[in-house]
Structures are given as structure tokens and as C-alpha cells.
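Q: Here you go, one structure.
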Amino acid sequence: MGAIFESRLSDSPYIEIIWRGRTEKDYSPVCPADAHWNLLFMKYKGKVRVSAEGATNQHVPKNQSEGSEYLVIKFKLGVFFPFLPAGNLLNGDTVLPEAGTNQSFWLDSAAWQLPNFENVESFVNRLAREGILMTEPVVNAVLEDHSLEVSSRTVRRRFLQATGLTPKMIEQIERAQQAAALLGQGVTILDAVYEAGYADQPHMTRSLRRFYGSTPAEIARTAPVG
């Protein structure tokens with residue numbers, strides 16, 4: 001492991017999780033697919049880079065340099081920037097420009113001070129008050145199995161606008177996350193197939209290769225012993 005991470009949950013209706021970390025040496029992780037998008041604040045050699053990272057529908061290899069420091073705000077599903085279409089960020093990111101100093105950046109034509117690990121909620125709440133950050137109610141309604149008086153075409157369009165993904169793709173990613181978690185806890189491969197709801201073992205293998213870049217056996221080998 002080439003990095004040290006710390007995370008915390010939040011009571012914000014907009015935030016899934018907040019984490020920060022530091023890369024102790026050059027590090028090339030393979031990040032699993034994630035239906036959530038992030039704001040990433042990276043400091044390296046005294047310079048800060050701010051980027052919006054989109055959802056991913058496949059595993060993504062990354063390179064992190066020694067000495068890099070990170071603050072990441074992972075947003076809940078359905079939370080989005082109206083001025084920055086989520087579909088344009090899928091499997092990628094966009095860099096937000098500096099606003100004159102190394103402590104602020106431009107976001108939707110306004111300068112914003114960089115948040116820190118402790119005041120992320122205040123930063124995000126201000127984004128929401130200014131209308132820069134919004135929530136798509138259709139996303140939450142579908143994920144919670146509530147009935148909607150809109151067409152499936154409208155649901156798909158609004159999902160893509162807010163997440164960059166279709167409801168079906170989010171379901172597939174979350175099933176893969178469940179399977180990987182089970183395998184990491186020491187559950188057998190066949191039991192993970194059943195508990196995660198896959199049709200058979202080859203189905204789960206294809207899913208984990210796509211979304212995690214690993215086979216079930218490779219993930220299972222990371223499970224703690226005893």
C-alpha cells in the first residue's frame with residue numbers, strides 16, 4: 001500500500017462520504033467502478049488541483065505521485081451540478097481553474113475558497129444555497145422503489161443528467177460492490193454468487209472483471225484470515 005487514508009461519514013443530505021489521504025510513495029491503484037461522483041482537491045509540490053470526477057462504469061487505473069495530498073467529497077446519488085452535465089464526466093474528470101490564488105478556485109463563474117476536512121459540510125451547504133448543487137428527486141424515488149408518474153424515457157434522461165448512468169448500470173455496479181464486499185469478508189465464491197443475486201459464477205466473474213479489474217478468486221485472496 002502506497003497511501004494512507006482517513007474517512008468520515010456526514011449527516012449532510014448531499015454527501016456520501018468524505019476522505020483525505022497522503023501518498024507515501026508512487027502508487028498505481030486500480031479503482032473499482034463507482035456510481036458516485038467526487039470533488040477532488042489534490043495538493044502536490046505546493047500546488048492545488050481541483051477537479052470534478054465523474055461516475056465510472058468500469059474499473060479505472062490511476063497513478064498517484066509520492067507526496068500528493070488529497071481531500072475527496074463523494075456525493076450521494078442524485079446530487080449534481082446543473083452547469084456540468086454528469087454524462088460529460090463519465091469515466092473522466094474536468095479541472096476547475098484557480099481563482100487568482102492557490103487557496104481558491106472558479107466554480108460556475110464564482111471564486112470559492114478551498115474547503116478542509118472539517119468544514120466540508122459548510123462548503124457543500126453553501127453550494128446548495130447558491131443553486132450550484134442540486135438534487136434530482138427522480139433518482140431517489142427510483143432507487144427507493146417509489147412509483148412515478150413519468151415515462152421510463154423521462155426517468156432515463158433525468159438519471160443520465162444527474163448521474164451519467166442509467167438505473168440498470170447503477171444496479172449492476174452496486175451488485176458488484178456487494179459481491180466484492182462478501183468475498184472480502186471471507187464468504188465463498190458460490191455463496192457470494194447467491195447472496196449478490198447473480199445468475200451463476202461466470203456472470204459474477206464477468207461483472208467483477210469489468211467493475212473491479214479482478215476475478216472473484218483474486219478478491220477472495222485479500223480476505224483476512226481467521
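Ordering of the C-alpha cells sets the chain letters (A, B, ...); residue numbers start at 1 within each chain; ligands are numbered from 1 in the order shown.
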Near range 7-15 of chain A, within 8 Å and counting only C-alpha atoms, which residues show up once chain neighbours fewer than 6 positions away are dropped, as a ChimeraX atom specification?
A: /A:73-76,79,121,124,135
Q: Save out the residues we just selected, all heavy atoms, as a PDB file, in the first residue's frame.
A:
```pdb
ATOM      1  N   ILE A  73     -14.623  14.754  -1.711  1.00  0.00           N
ATOM      2  CA  ILE A  73     -16.038  14.803  -1.306  1.00  0.00           C
ATOM      3  C   ILE A  73     -16.806  13.921  -2.276  1.00  0.00           C
ATOM      4  O   ILE A  73     -16.909  14.221  -3.459  1.00  0.00           O
ATOM      5  CB  ILE A  73     -16.602  16.234  -1.361  1.00  0.00           C
ATOM      6  CG1 ILE A  73     -15.721  17.204  -0.576  1.00  0.00           C
ATOM      7  CG2 ILE A  73     -18.041  16.252  -0.829  1.00  0.00           C
ATOM      8  CD1 ILE A  73     -16.113  18.672  -0.765  1.00  0.00           C
ATOM      9  N   LYS A  74     -17.307  12.803  -1.776  1.00  0.00           N
ATOM     10  CA  LYS A  74     -18.106  11.902  -2.605  1.00  0.00           C
ATOM     11  C   LYS A  74     -19.577  12.225  -2.367  1.00  0.00           C
ATOM     12  O   LYS A  74     -20.055  12.186  -1.233  1.00  0.00           O
ATOM     13  CB  LYS A  74     -17.822  10.441  -2.267  1.00  0.00           C
ATOM     14  CG  LYS A  74     -18.547   9.449  -3.173  1.00  0.00           C
ATOM     15  CD  LYS A  74     -18.315   8.017  -2.735  1.00  0.00           C
ATOM     16  CE  LYS A  74     -16.882   7.607  -2.896  1.00  0.00           C
ATOM     17  NZ  LYS A  74     -16.486   7.533  -4.328  1.00  0.00           N
ATOM     18  N   PHE A  75     -20.308  12.530  -3.427  1.00  0.00           N
ATOM     19  CA  PHE A  75     -21.695  12.968  -3.307  1.00  0.00           C
ATOM     20  C   PHE A  75     -22.678  11.800  -3.419  1.00  0.00           C
ATOM     21  O   PHE A  75     -22.397  10.789  -4.060  1.00  0.00           O
ATOM     22  CB  PHE A  75     -22.003  14.015  -4.374  1.00  0.00           C
ATOM     23  CG  PHE A  75     -21.278  15.312  -4.156  1.00  0.00           C
ATOM     24  CD1 PHE A  75     -20.065  15.551  -4.790  1.00  0.00           C
ATOM     25  CD2 PHE A  75     -21.776  16.273  -3.299  1.00  0.00           C
ATOM     26  CE1 PHE A  75     -19.378  16.737  -4.583  1.00  0.00           C
ATOM     27  CE2 PHE A  75     -21.093  17.460  -3.079  1.00  0.00           C
ATOM     28  CZ  PHE A  75     -19.883  17.694  -3.724  1.00  0.00           C
ATOM     29  N   LYS A  76     -23.823  11.979  -2.798  1.00  0.00           N
ATOM     30  CA  LYS A  76     -24.878  10.976  -2.872  1.00  0.00           C
ATOM     31  C   LYS A  76     -25.426  10.894  -4.283  1.00  0.00           C
ATOM     32  O   LYS A  76     -25.355  11.856  -5.065  1.00  0.00           O
ATOM     33  CB  LYS A  76     -26.002  11.321  -1.889  1.00  0.00           C
ATOM     34  CG  LYS A  76     -25.634  11.170  -0.419  1.00  0.00           C
ATOM     35  CD  LYS A  76     -26.830  11.461   0.461  1.00  0.00           C
ATOM     36  CE  LYS A  76     -26.492  11.302   1.941  1.00  0.00           C
ATOM     37  NZ  LYS A  76     -26.189   9.901   2.291  1.00  0.00           N
ATOM     38  N   VAL A  79     -27.334  13.828  -6.553  1.00  0.00           N
ATOM     39  CA  VAL A  79     -26.797  15.170  -6.324  1.00  0.00           C
ATOM     40  C   VAL A  79     -25.902  15.523  -7.509  1.00  0.00           C
ATOM     41  O   VAL A  79     -25.068  14.718  -7.925  1.00  0.00           O
ATOM     42  CB  VAL A  79     -26.000  15.222  -5.006  1.00  0.00           C
ATOM     43  CG1 VAL A  79     -25.345  16.581  -4.817  1.00  0.00           C
ATOM     44  CG2 VAL A  79     -26.919  14.902  -3.833  1.00  0.00           C
ATOM     45  N   GLU A 121     -18.973  20.255   5.158  1.00  0.00           N
ATOM     46  CA  GLU A 121     -20.435  20.429   5.186  1.00  0.00           C
ATOM     47  C   GLU A 121     -20.833  21.887   4.947  1.00  0.00           C
ATOM     48  O   GLU A 121     -21.782  22.164   4.214  1.00  0.00           O
ATOM     49  CB  GLU A 121     -21.011  19.931   6.512  1.00  0.00           C
ATOM     50  CG  GLU A 121     -21.109  18.418   6.622  1.00  0.00           C
ATOM     51  CD  GLU A 121     -19.819  17.758   7.043  1.00  0.00           C
ATOM     52  OE1 GLU A 121     -18.822  18.489   7.252  1.00  0.00           O
ATOM     53  OE2 GLU A 121     -19.789  16.524   7.167  1.00  0.00           O
ATOM     54  N   VAL A 124     -20.364  22.612   1.228  1.00  0.00           N
ATOM     55  CA  VAL A 124     -21.387  21.981   0.392  1.00  0.00           C
ATOM     56  C   VAL A 124     -22.744  22.642   0.607  1.00  0.00           C
ATOM     57  O   VAL A 124     -23.507  22.858  -0.354  1.00  0.00           O
ATOM     58  CB  VAL A 124     -21.443  20.470   0.675  1.00  0.00           C
ATOM     59  CG1 VAL A 124     -22.680  19.844   0.031  1.00  0.00           C
ATOM     60  CG2 VAL A 124     -20.183  19.787   0.162  1.00  0.00           C
ATOM     61  N   THR A 135     -30.346  18.461  -6.226  1.00  0.00           N
ATOM     62  CA  THR A 135     -30.717  17.057  -6.093  1.00  0.00           C
ATOM     63  C   THR A 135     -31.830  16.722  -7.068  1.00  0.00           C
ATOM     64  O   THR A 135     -32.817  17.459  -7.172  1.00  0.00           O
ATOM     65  CB  THR A 135     -31.184  16.749  -4.658  1.00  0.00           C
ATOM     66  OG1 THR A 135     -30.128  17.034  -3.742  1.00  0.00           O
ATOM     67  CG2 THR A 135     -31.567  15.282  -4.516  1.00  0.00           C
TER      68      THR A 135
END
```
Q: Can you pull out the residues contacting range 140-157 of chain A? Cut-off 12 Å, using only C-alpha atoms, and skip same-chain residues under 5 positions away; I want them as a PDB file with N, CA and C atoms, in the first residue's frame.
A:
```
ATOM      1  N   PRO A  13     -27.341  15.882   3.628  1.00  0.00           N
ATOM      2  CA  PRO A  13     -28.166  15.158   2.657  1.00  0.00           C
ATOM      3  C   PRO A  13     -27.518  15.068   1.282  1.00  0.00           C
ATOM      4  N   TYR A  14     -26.393  15.740   1.110  1.00  0.00           N
ATOM      5  CA  TYR A  14     -25.739  15.767  -0.195  1.00  0.00           C
ATOM      6  C   TYR A  14     -24.495  14.876  -0.262  1.00  0.00           C
ATOM      7  N   LYS A  76     -23.823  11.979  -2.798  1.00  0.00           N
ATOM      8  CA  LYS A  76     -24.878  10.976  -2.872  1.00  0.00           C
ATOM      9  C   LYS A  76     -25.426  10.894  -4.283  1.00  0.00           C
ATOM     10  N   LEU A  77     -25.991   9.736  -4.623  1.00  0.00           N
ATOM     11  CA  LEU A  77     -26.626   9.573  -5.924  1.00  0.00           C
ATOM     12  C   LEU A  77     -27.779  10.567  -6.073  1.00  0.00           C
ATOM     13  N   GLY A  78     -27.839  11.217  -7.221  1.00  0.00           N
ATOM     14  CA  GLY A  78     -28.887  12.204  -7.480  1.00  0.00           C
ATOM     15  C   GLY A  78     -28.471  13.629  -7.216  1.00  0.00           C
ATOM     16  N   VAL A  79     -27.334  13.828  -6.553  1.00  0.00           N
ATOM     17  CA  VAL A  79     -26.797  15.170  -6.324  1.00  0.00           C
ATOM     18  C   VAL A  79     -25.902  15.523  -7.509  1.00  0.00           C
ATOM     19  N   PRO A  85     -22.832  18.808 -16.948  1.00  0.00           N
ATOM     20  CA  PRO A  85     -23.562  17.563 -17.200  1.00  0.00           C
ATOM     21  C   PRO A  85     -22.776  16.331 -16.759  1.00  0.00           C
ATOM     22  N   ALA A  86     -23.430  15.489 -15.965  1.00  0.00           N
ATOM     23  CA  ALA A  86     -22.755  14.298 -15.430  1.00  0.00           C
ATOM     24  C   ALA A  86     -22.291  13.365 -16.539  1.00  0.00           C
ATOM     25  N   GLY A  87     -23.049  13.310 -17.632  1.00  0.00           N
ATOM     26  CA  GLY A  87     -22.666  12.441 -18.733  1.00  0.00           C
ATOM     27  C   GLY A  87     -21.331  12.818 -19.348  1.00  0.00           C
ATOM     28  N   THR A 135     -30.346  18.461  -6.226  1.00  0.00           N
ATOM     29  CA  THR A 135     -30.717  17.057  -6.093  1.00  0.00           C
ATOM     30  C   THR A 135     -31.830  16.722  -7.068  1.00  0.00           C
ATOM     31  N   ALA A 162     -28.289  13.580 -14.050  1.00  0.00           N
ATOM     32  CA  ALA A 162     -27.839  13.735 -12.669  1.00  0.00           C
ATOM     33  C   ALA A 162     -26.684  12.822 -12.300  1.00  0.00           C
ATOM     34  N   THR A 163     -26.549  11.676 -12.963  1.00  0.00           N
ATOM     35  CA  THR A 163     -25.530  10.698 -12.569  1.00  0.00           C
ATOM     36  C   THR A 163     -24.585  10.299 -13.690  1.00  0.00           C
ATOM     37  N   GLY A 164     -25.009  10.455 -14.940  1.00  0.00           N
ATOM     38  CA  GLY A 164     -24.228   9.959 -16.063  1.00  0.00           C
ATOM     39  C   GLY A 164     -24.455   8.486 -16.334  1.00  0.00           C
ATOM     40  N   LEU A 165     -25.309   7.850 -15.528  1.00  0.00           N
ATOM     41  CA  LEU A 165     -25.557   6.410 -15.626  1.00  0.00           C
ATOM     42  C   LEU A 165     -27.051   6.132 -15.729  1.00  0.00           C
ATOM     43  N   THR A 166     -27.383   4.961 -16.248  1.00  0.00           N
ATOM     44  CA  THR A 166     -28.768   4.522 -16.250  1.00  0.00           C
ATOM     45  C   THR A 166     -29.070   3.804 -14.931  1.00  0.00           C
ATOM     46  N   PRO A 167     -30.348   3.682 -14.567  1.00  0.00           N
ATOM     47  CA  PRO A 167     -30.686   2.914 -13.358  1.00  0.00           C
ATOM     48  C   PRO A 167     -30.134   1.491 -13.398  1.00  0.00           C
ATOM     49  N   LYS A 168     -30.167   0.860 -14.565  1.00  0.00           N
ATOM     50  CA  LYS A 168     -29.681  -0.515 -14.684  1.00  0.00           C
ATOM     51  C   LYS A 168     -28.184  -0.591 -14.409  1.00  0.00           C
ATOM     52  N   MET A 169     -27.428   0.378 -14.914  1.00  0.00           N
ATOM     53  CA  MET A 169     -25.982   0.362 -14.690  1.00  0.00           C
ATOM     54  C   MET A 169     -25.664   0.571 -13.213  1.00  0.00           C
ATOM     55  N   ILE A 170     -26.382   1.460 -12.552  1.00  0.00           N
ATOM     56  CA  ILE A 170     -26.170   1.657 -11.120  1.00  0.00           C
ATOM     57  C   ILE A 170     -26.445   0.364 -10.356  1.00  0.00           C
ATOM     58  N   GLU A 171     -27.500  -0.335 -10.733  1.00  0.00           N
ATOM     59  CA  GLU A 171     -27.819  -1.615 -10.097  1.00  0.00           C
ATOM     60  C   GLU A 171     -26.685  -2.625 -10.290  1.00  0.00           C
ATOM     61  N   GLU A 174     -23.678  -1.631  -8.070  1.00  0.00           N
ATOM     62  CA  GLU A 174     -23.934  -1.901  -6.657  1.00  0.00           C
ATOM     63  C   GLU A 174     -23.924  -3.403  -6.368  1.00  0.00           C
TER      64      GLU A 174
END
```
Q: Extract, using only C-alpha atoms, all DNA, RNA and protein residues at most 12 Å from Arg175 in chain A, discarding same-chain residues fewer than 5 positions from it, and format them as a list of chain:residue names.
A: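 Contacts, in chain order: A:Ala33, A:Asp34, A:Ala35, A:Lys168, A:Met169, A:Ile170, A:Ala180, A:Ala181, A:Leu182, A:Ala192, A:Val193, A:Tyr194, A:Glu195, A:Ala196, A:Gly197, A:Tyr198, A:Ala199, A:His203, A:Met204, A:Ser207, A:Leu208, A:Phe211, A:Tyr212.
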Q: With DSSP run on the backbone, what are the helix (DSSP H, G or I) residues within range 40-220 of chain A? I'd like them as an MDAnalysis selection string.
A: chainID A and resid 86:89 120:129 137:143 152:163 167:184 189:196 201:212 216:220
Q: Would you mind exporting the chosen residues as a tab-separated table (two decimals), in the first residue's frame, restricted to C-alpha atoms?
A:
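Okay, this is what ended up in part_7.tsv:
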```
chain	number	residue	atom	x	y	z
A	86	ALA	CA	-22.75	14.30	-15.43
A	87	GLY	CA	-22.67	12.44	-18.73
A	88	ASN	CA	-19.71	14.56	-19.84
A	89	LEU	CA	-17.74	13.41	-16.80
A	120	VAL	CA	-16.78	20.32	4.08
A	121	GLU	CA	-20.44	20.43	5.19
A	122	SER	CA	-20.42	24.23	5.36
A	123	PHE	CA	-18.85	24.41	1.91
A	124	VAL	CA	-21.39	21.98	0.39
A	125	ASN	CA	-24.35	23.65	2.10
A	126	ARG	CA	-23.32	26.97	0.59
A	127	LEU	CA	-23.11	25.35	-2.85
A	128	ALA	CA	-26.69	24.14	-2.39
A	129	ARG	CA	-27.93	27.53	-1.16
A	137	PRO	CA	-35.74	13.67	-6.90
A	138	VAL	CA	-36.39	11.10	-9.63
A	139	VAL	CA	-33.12	9.35	-8.80
A	140	ASN	CA	-34.00	8.88	-5.13
A	141	ALA	CA	-37.57	7.86	-5.97
A	142	VAL	CA	-36.43	5.10	-8.33
A	143	LEU	CA	-33.69	3.85	-6.01
A	152	SER	CA	-39.32	5.36	-18.46
A	153	ARG	CA	-37.75	7.58	-21.10
A	154	THR	CA	-38.01	10.59	-18.78
A	155	VAL	CA	-36.54	8.58	-15.89
A	156	ARG	CA	-33.59	7.53	-18.04
A	157	ARG	CA	-32.98	11.08	-19.27
A	158	ARG	CA	-33.05	12.54	-15.77
A	159	PHE	CA	-30.82	9.77	-14.42
A	160	LEU	CA	-28.26	10.47	-17.12
A	161	GLN	CA	-28.40	14.19	-16.41
A	162	ALA	CA	-27.84	13.74	-12.67
A	163	THR	CA	-25.53	10.70	-12.57
A	167	PRO	CA	-30.69	2.91	-13.36
A	168	LYS	CA	-29.68	-0.51	-14.68
A	169	MET	CA	-25.98	0.36	-14.69
A	170	ILE	CA	-26.17	1.66	-11.12
A	171	GLU	CA	-27.82	-1.62	-10.10
A	172	GLN	CA	-25.03	-3.61	-11.77
A	173	ILE	CA	-22.30	-1.56	-10.07
A	174	GLU	CA	-23.93	-1.90	-6.66
A	175	ARG	CA	-24.32	-5.67	-7.12
A	176	ALA	CA	-20.62	-5.94	-7.93
A	177	GLN	CA	-19.80	-3.88	-4.83
A	178	GLN	CA	-21.90	-6.24	-2.73
A	179	ALA	CA	-20.18	-9.29	-4.21
A	180	ALA	CA	-16.71	-7.83	-3.67
A	181	ALA	CA	-17.58	-6.96	-0.07
A	182	LEU	CA	-18.83	-10.50	0.58
A	183	LEU	CA	-15.70	-12.03	-0.92
A	184	GLY	CA	-13.55	-9.66	1.11
A	189	ILE	CA	-17.44	-17.63	-4.21
A	190	LEU	CA	-20.56	-19.75	-4.66
A	191	ASP	CA	-22.26	-18.17	-1.65
A	192	ALA	CA	-21.36	-14.69	-2.96
A	193	VAL	CA	-22.98	-15.58	-6.29
A	194	TYR	CA	-26.20	-16.45	-4.49
A	195	GLU	CA	-26.21	-13.61	-1.96
A	196	ALA	CA	-25.42	-10.91	-4.52
A	201	GLN	CA	-20.49	-17.89	-11.23
A	202	PRO	CA	-19.46	-16.87	-14.79
A	203	HIS	CA	-21.94	-13.97	-14.57
A	204	MET	CA	-20.30	-12.72	-11.36
A	205	THR	CA	-16.82	-13.23	-12.79
A	206	ARG	CA	-17.61	-11.09	-15.85
A	207	SER	CA	-19.10	-8.41	-13.63
A	208	LEU	CA	-16.13	-8.23	-11.25
A	209	ARG	CA	-13.63	-8.21	-14.10
A	210	ARG	CA	-15.41	-5.23	-15.62
A	211	PHE	CA	-16.12	-3.26	-12.47
A	212	TYR	CA	-13.11	-4.24	-10.31
A	216	PRO	CA	-13.63	-13.43	-7.65
A	217	ALA	CA	-10.67	-15.60	-6.62
A	218	GLU	CA	-8.31	-12.61	-6.68
A	219	ILE	CA	-10.67	-10.57	-4.49
A	220	ALA	CA	-11.21	-13.51	-2.14
```
Q: Quick one: of A:Gly213, A:Gly100, A:Gly21, A:Pro115, who's nearest to Glu66 in chain A, counting only C-alpha atoms?
A: A:Gly21
Q: So how many Å separate CA of Arg20 in chain A and CA of Val72 in chain A, to one decimal?
A: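 Taking CA of Arg20 in chain A as the start and CA of Val72 in chain A as the end point, the length is 6.1 Å.
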Q: Select from range 69-192 of chain A everything DSSP, run on the backbone, classes as strand (DSSP E), then give the selection as a CSV table (one decimal) with all heavy atoms, in the first residue's frame.
A:
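Dumped everything to states.csv:
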```
chain,number,residue,atom,x,y,z
A,69,GLU,N,-1.3,15.0,-1.6
A,69,GLU,CA,-2.3,15.0,-0.6
A,69,GLU,C,-3.7,15.2,-1.2
A,69,GLU,O,-3.8,16.0,-2.1
A,69,GLU,CB,-2.0,16.1,0.4
A,69,GLU,CG,-0.7,16.0,1.2
A,69,GLU,CD,-0.4,17.1,2.1
A,69,GLU,OE1,-1.3,17.9,2.4
A,69,GLU,OE2,0.8,17.2,2.6
A,70,TYR,N,-4.7,14.5,-0.6
A,70,TYR,CA,-6.0,14.5,-1.2
A,70,TYR,C,-7.1,14.8,-0.2
A,70,TYR,O,-7.0,14.4,0.9
A,70,TYR,CB,-6.3,13.1,-1.8
A,70,TYR,CG,-5.3,12.6,-2.8
A,70,TYR,CD1,-4.2,11.9,-2.4
A,70,TYR,CD2,-5.5,12.9,-4.2
A,70,TYR,CE1,-3.3,11.5,-3.4
A,70,TYR,CE2,-4.6,12.4,-5.1
A,70,TYR,CZ,-3.5,11.7,-4.7
A,70,TYR,OH,-2.6,11.3,-5.6
A,71,LEU,N,-8.1,15.6,-0.7
A,71,LEU,CA,-9.4,15.7,0.0
A,71,LEU,C,-10.4,15.4,-1.0
A,71,LEU,O,-10.4,16.0,-2.1
A,71,LEU,CB,-9.6,17.1,0.6
A,71,LEU,CG,-10.9,17.4,1.1
A,71,LEU,CD1,-11.2,16.6,2.4
A,71,LEU,CD2,-11.1,18.9,1.4
A,72,VAL,N,-11.3,14.4,-0.7
A,72,VAL,CA,-12.3,14.0,-1.6
A,72,VAL,C,-13.7,14.1,-1.0
A,72,VAL,O,-13.9,13.6,0.1
A,72,VAL,CB,-12.1,12.5,-2.1
A,72,VAL,CG1,-13.2,12.1,-3.0
A,72,VAL,CG2,-10.7,12.4,-2.8
A,73,ILE,N,-14.6,14.8,-1.7
A,73,ILE,CA,-16.0,14.8,-1.3
A,73,ILE,C,-16.8,13.9,-2.3
A,73,ILE,O,-16.9,14.2,-3.5
A,73,ILE,CB,-16.6,16.2,-1.4
A,73,ILE,CG1,-15.7,17.2,-0.6
A,73,ILE,CG2,-18.0,16.3,-0.8
A,73,ILE,CD1,-16.1,18.7,-0.8
A,74,LYS,N,-17.3,12.8,-1.8
A,74,LYS,CA,-18.1,11.9,-2.6
A,74,LYS,C,-19.6,12.2,-2.4
A,74,LYS,O,-20.1,12.2,-1.2
A,74,LYS,CB,-17.8,10.4,-2.3
A,74,LYS,CG,-18.5,9.4,-3.2
A,74,LYS,CD,-18.3,8.0,-2.7
A,74,LYS,CE,-16.9,7.6,-2.9
A,74,LYS,NZ,-16.5,7.5,-4.3
A,75,PHE,N,-20.3,12.5,-3.4
A,75,PHE,CA,-21.7,13.0,-3.3
A,75,PHE,C,-22.7,11.8,-3.4
A,75,PHE,O,-22.4,10.8,-4.1
A,75,PHE,CB,-22.0,14.0,-4.4
A,75,PHE,CG,-21.3,15.3,-4.2
A,75,PHE,CD1,-20.1,15.6,-4.8
A,75,PHE,CD2,-21.8,16.3,-3.3
A,75,PHE,CE1,-19.4,16.7,-4.6
A,75,PHE,CE2,-21.1,17.5,-3.1
A,75,PHE,CZ,-19.9,17.7,-3.7
A,79,VAL,N,-27.3,13.8,-6.6
A,79,VAL,CA,-26.8,15.2,-6.3
A,79,VAL,C,-25.9,15.5,-7.5
A,79,VAL,O,-25.1,14.7,-7.9
A,79,VAL,CB,-26.0,15.2,-5.0
A,79,VAL,CG1,-25.3,16.6,-4.8
A,79,VAL,CG2,-26.9,14.9,-3.8
A,80,PHE,N,-26.1,16.7,-8.1
A,80,PHE,CA,-25.3,17.0,-9.3
A,80,PHE,C,-25.1,18.6,-9.4
A,80,PHE,O,-25.8,19.4,-8.8
A,80,PHE,CB,-26.0,16.5,-10.5
A,80,PHE,CG,-27.3,17.1,-10.9
A,80,PHE,CD1,-27.4,18.0,-12.0
A,80,PHE,CD2,-28.5,16.9,-10.1
A,80,PHE,CE1,-28.6,18.6,-12.3
A,80,PHE,CE2,-29.7,17.5,-10.4
A,80,PHE,CZ,-29.8,18.4,-11.5
A,93,ASP,N,-12.8,13.3,-15.9
A,93,ASP,CA,-12.9,14.5,-14.9
A,93,ASP,C,-12.8,15.8,-15.7
A,93,ASP,O,-12.4,15.8,-16.9
A,93,ASP,CB,-11.9,14.3,-13.8
A,93,ASP,CG,-10.5,14.4,-14.3
A,93,ASP,OD1,-10.2,14.7,-15.5
A,93,ASP,OD2,-9.6,14.1,-13.5
A,94,THR,N,-13.0,16.9,-15.0
A,94,THR,CA,-12.7,18.2,-15.5
A,94,THR,C,-12.0,19.0,-14.5
A,94,THR,O,-12.4,18.9,-13.3
A,94,THR,CB,-14.0,18.9,-16.0
A,94,THR,OG1,-13.7,20.1,-16.7
A,94,THR,CG2,-15.0,19.2,-14.9
A,95,VAL,N,-11.0,19.7,-14.8
A,95,VAL,CA,-10.3,20.5,-13.9
A,95,VAL,C,-10.9,21.9,-13.8
A,95,VAL,O,-11.3,22.5,-14.8
A,95,VAL,CB,-8.8,20.7,-14.3
A,95,VAL,CG1,-8.0,21.6,-13.4
A,95,VAL,CG2,-8.1,19.3,-14.4
A,96,LEU,N,-11.1,22.3,-12.5
A,96,LEU,CA,-11.7,23.6,-12.2
A,96,LEU,C,-10.5,24.6,-12.0
A,96,LEU,O,-9.6,24.4,-11.2
A,96,LEU,CB,-12.6,23.6,-11.0
A,96,LEU,CG,-13.7,22.5,-11.1
A,96,LEU,CD1,-14.5,22.4,-9.8
A,96,LEU,CD2,-14.7,22.8,-12.2
A,104,SER,N,-8.1,29.2,-3.7
A,104,SER,CA,-9.4,29.4,-4.2
A,104,SER,C,-9.5,28.9,-5.6
A,104,SER,O,-8.5,28.8,-6.3
A,104,SER,CB,-9.9,30.9,-4.1
A,104,SER,OG,-9.0,31.7,-4.9
A,105,PHE,N,-10.7,28.7,-6.1
A,105,PHE,CA,-10.9,28.1,-7.5
A,105,PHE,C,-12.2,28.7,-8.0
A,105,PHE,O,-13.1,29.1,-7.3
A,105,PHE,CB,-10.9,26.6,-7.5
A,105,PHE,CG,-12.0,26.0,-6.7
A,105,PHE,CD1,-13.1,25.4,-7.4
A,105,PHE,CD2,-12.0,25.9,-5.3
A,105,PHE,CE1,-14.1,24.8,-6.7
A,105,PHE,CE2,-13.1,25.3,-4.7
A,105,PHE,CZ,-14.1,24.8,-5.4
A,106,TRP,N,-12.3,28.6,-9.3
A,106,TRP,CA,-13.5,29.0,-10.0
A,106,TRP,C,-14.5,27.9,-10.1
A,106,TRP,O,-14.2,26.8,-10.5
A,106,TRP,CB,-13.2,29.6,-11.4
A,106,TRP,CG,-12.5,30.9,-11.4
A,106,TRP,CD1,-11.2,31.1,-11.7
A,106,TRP,CD2,-13.1,32.2,-11.1
A,106,TRP,NE1,-10.9,32.4,-11.6
A,106,TRP,CE2,-12.0,33.1,-11.2
A,106,TRP,CE3,-14.3,32.6,-10.8
A,106,TRP,CZ2,-12.2,34.5,-11.0
A,106,TRP,CZ3,-14.6,34.0,-10.5
A,106,TRP,CH2,-13.5,34.9,-10.7
A,107,LEU,N,-15.8,28.2,-9.8
A,107,LEU,CA,-16.8,27.2,-9.9
A,107,LEU,C,-18.1,27.9,-10.3
A,107,LEU,O,-18.6,28.8,-9.6
A,107,LEU,CB,-17.1,26.5,-8.6
A,107,LEU,CG,-18.1,25.4,-8.5
A,107,LEU,CD1,-17.8,24.3,-9.5
A,107,LEU,CD2,-18.2,24.8,-7.1
A,110,ALA,N,-17.9,31.8,-10.2
A,110,ALA,CA,-17.6,32.5,-8.9
A,110,ALA,C,-16.4,31.8,-8.3
A,110,ALA,O,-16.1,30.7,-8.5
A,110,ALA,CB,-18.8,32.3,-8.0
A,111,ALA,N,-15.7,32.6,-7.5
A,111,ALA,CA,-14.5,32.2,-6.8
A,111,ALA,C,-14.9,31.6,-5.5
A,111,ALA,O,-15.7,32.1,-4.7
A,111,ALA,CB,-13.5,33.3,-6.6
A,112,TRP,N,-14.3,30.4,-5.1
A,112,TRP,CA,-14.7,29.7,-3.9
A,112,TRP,C,-13.4,29.3,-3.2
A,112,TRP,O,-12.4,28.9,-3.8
A,112,TRP,CB,-15.4,28.4,-4.2
A,112,TRP,CG,-16.8,28.6,-4.7
A,112,TRP,CD1,-17.1,29.0,-6.0
A,112,TRP,CD2,-18.0,28.5,-4.0
A,112,TRP,NE1,-18.5,29.1,-6.1
A,112,TRP,CE2,-19.1,28.9,-4.9
A,112,TRP,CE3,-18.3,28.2,-2.7
A,112,TRP,CZ2,-20.4,28.9,-4.5
A,112,TRP,CZ3,-19.6,28.2,-2.3
A,112,TRP,CH2,-20.7,28.5,-3.2
A,113,GLN,N,-13.4,29.5,-1.8
A,113,GLN,CA,-12.3,29.1,-1.0
A,113,GLN,C,-12.2,27.6,-0.9
A,113,GLN,O,-13.3,26.9,-0.9
A,113,GLN,CB,-12.4,29.7,0.4
A,113,GLN,CG,-12.2,31.2,0.4
A,113,GLN,CD,-10.8,31.6,0.1
A,113,GLN,OE1,-9.8,31.1,0.6
A,113,GLN,NE2,-10.7,32.6,-0.9
A,134,MET,N,-27.5,20.7,-6.8
A,134,MET,CA,-28.9,20.3,-6.7
A,134,MET,C,-29.1,18.8,-6.6
A,134,MET,O,-28.2,18.0,-6.8
A,134,MET,CB,-29.7,20.9,-8.0
A,134,MET,CG,-29.6,22.4,-8.2
A,134,MET,SD,-30.5,22.9,-9.6
A,134,MET,CE,-32.2,22.7,-9.0
A,135,THR,N,-30.3,18.5,-6.2
A,135,THR,CA,-30.7,17.1,-6.1
A,135,THR,C,-31.8,16.7,-7.1
A,135,THR,O,-32.8,17.5,-7.2
A,135,THR,CB,-31.2,16.7,-4.7
A,135,THR,OG1,-30.1,17.0,-3.7
A,135,THR,CG2,-31.6,15.3,-4.5
```
